[in-house]
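*Asks:* Can you read through this structure? Questions will come right after.
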Amino acid sequence: MDQSFAVHIPDASLEPDPLDLSQIVSGTPEVTGKLLWESRDGRQLRGIWQITPGVVTDTEEDELFVVVSGRATIEIEGGPTLDIGPGDLGVLRRGDRTTWTVHETLRKAYAITLPG
């Protein structure tokens, strides 16, 4: 990290990050995001991610996130179902196959660790 910083997450400007059409189960969800920091080796990512209502699938990496706004239900194949909203902290494991049902536009801050 070159320097310490702070970002006001609710007002941060995000950039389009289109979904792969094969991930969309229903609706017309749109994803935006902003990578705020990446480690020199590319394994640690810190950023902000947002998705509008709809249903999408994903295969996760090791991630810790905090929901800033919005609501969603995350169904983890072979695992729990997580109902998340503002102030919730979530942890996803690498390889988790998930289905996200986004009820209200969801914005989260995340920290992802990629395999080495």
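By order of appearance in the structure tokens: chains A, B, ..., then residues from 1 within every chain, and ligands from 1 in the order shown.
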At a cut-off of 8 Å, can you tabulate as a Markdown table every residue of segment 3-32 of chain A near segment 55-76 of chain A together with its closest atom pair and the distance in Å to one decimal, using only C-alpha atoms and ordering rows by chain then number?
*Replies:*
| residue | atom | partner | partner_atom | distance |
| --- | --- | --- | --- | --- |
| A:Ile9 | CA | A:Val68 | CA | 7.4 |
| A:Pro10 | CA | A:Val68 | CA | 7.0 |
| A:Gln23 | CA | A:Thr57 | CA | 5.0 |
| A:Ile24 | CA | A:Val56 | CA | 4.5 |
| A:Val25 | CA | A:Val55 | CA | 5.2 |
| A:Ser26 | CA | A:Val55 | CA | 5.1 |
| A:Gly27 | CA | A:Val55 | CA | 6.5 |
| A:Pro29 | CA | A:Val55 | CA | 7.3 |
*Asks:* Could you name the residues that touch Leu82 of chain A at 12 Å or less, counting only C-alpha atoms, but leaving out those on the same chain fewer than 2 positions away, as a list in words?
*Replies:* Arg71, Ala72, Thr73, Ile74, Glu75, Ile76, Glu77, Gly79, Pro80, Ile84, Gly85, Asp88, Leu89, Gly90, Val91, Leu92, Thr98, Thr99, Trp100, Thr101 and Val102 of chain A
*Asks:* Would you give me, as a Markdown table, each residue of segment 13-98 of chain A having an atom within 12 Å of an atom of segment 4-7 of chain A, along with its shortest atom pair and that distance in Å to one decimal, using only C-alpha atoms and sorting by chain and residue number?
*Replies:*
| residue | atom | partner | partner_atom | distance |
| --- | --- | --- | --- | --- |
| A:Ser13 | CA | A:Val7 | CA | 10.3 |
| A:Lys34 | CA | A:Val7 | CA | 11.1 |
| A:Leu35 | CA | A:Val7 | CA | 11.7 |
| A:Leu36 | CA | A:Val7 | CA | 8.9 |
| A:Trp37 | CA | A:Phe5 | CA | 9.9 |
| A:Arg46 | CA | A:Val7 | CA | 11.6 |
| A:Gly47 | CA | A:Val7 | CA | 9.9 |
| A:Ile48 | CA | A:Val7 | CA | 9.8 |
*Asks:* May I ask which of the residues A:Ile51, A:Ala12, A:Leu45, A:Leu19 is the closest one to His103 of chain A, counting only C-alpha atoms?
*Replies:*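 Between A:Ile51, A:Ala12, A:Leu45, A:Leu19, the residue approaching His103 of chain A most closely is A:Ile51.
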*Asks:* DSSP on the backbone, helix (DSSP H, G or I) only: what residues of chain A does that give? Format it as a ChimeraX atom specification.
*Replies:* /A:9-11,21-23
*Asks:* Please run DSSP on the backbone and report, as an MDAnalysis selection string, all residues within chain A that come out as strand (DSSP E or B).
*Replies:* chainID A and resid 15:16 24:26 31:38 44:51 54:59 62:76 81:84 89:92 97:113
*Asks:* My list of candidates is A:Arg43, A:Arg107, A:His8, A:Arg97. Which is closest to Glu30 of chain A when distances are computed with only C-alpha atoms?
*Replies:*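 The shortest atom-to-atom distance to Glu30 of chain A comes from A:Arg107.
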*Asks:* Rounded to one decimal, what separation in Å do you get between atom CA of Val31 of chain A and atom CA of Pro16 of chain A?
*Replies:*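 Going from atom CA of Val31 of chain A over to atom CA of Pro16 of chain A, I get 6.2 Å.
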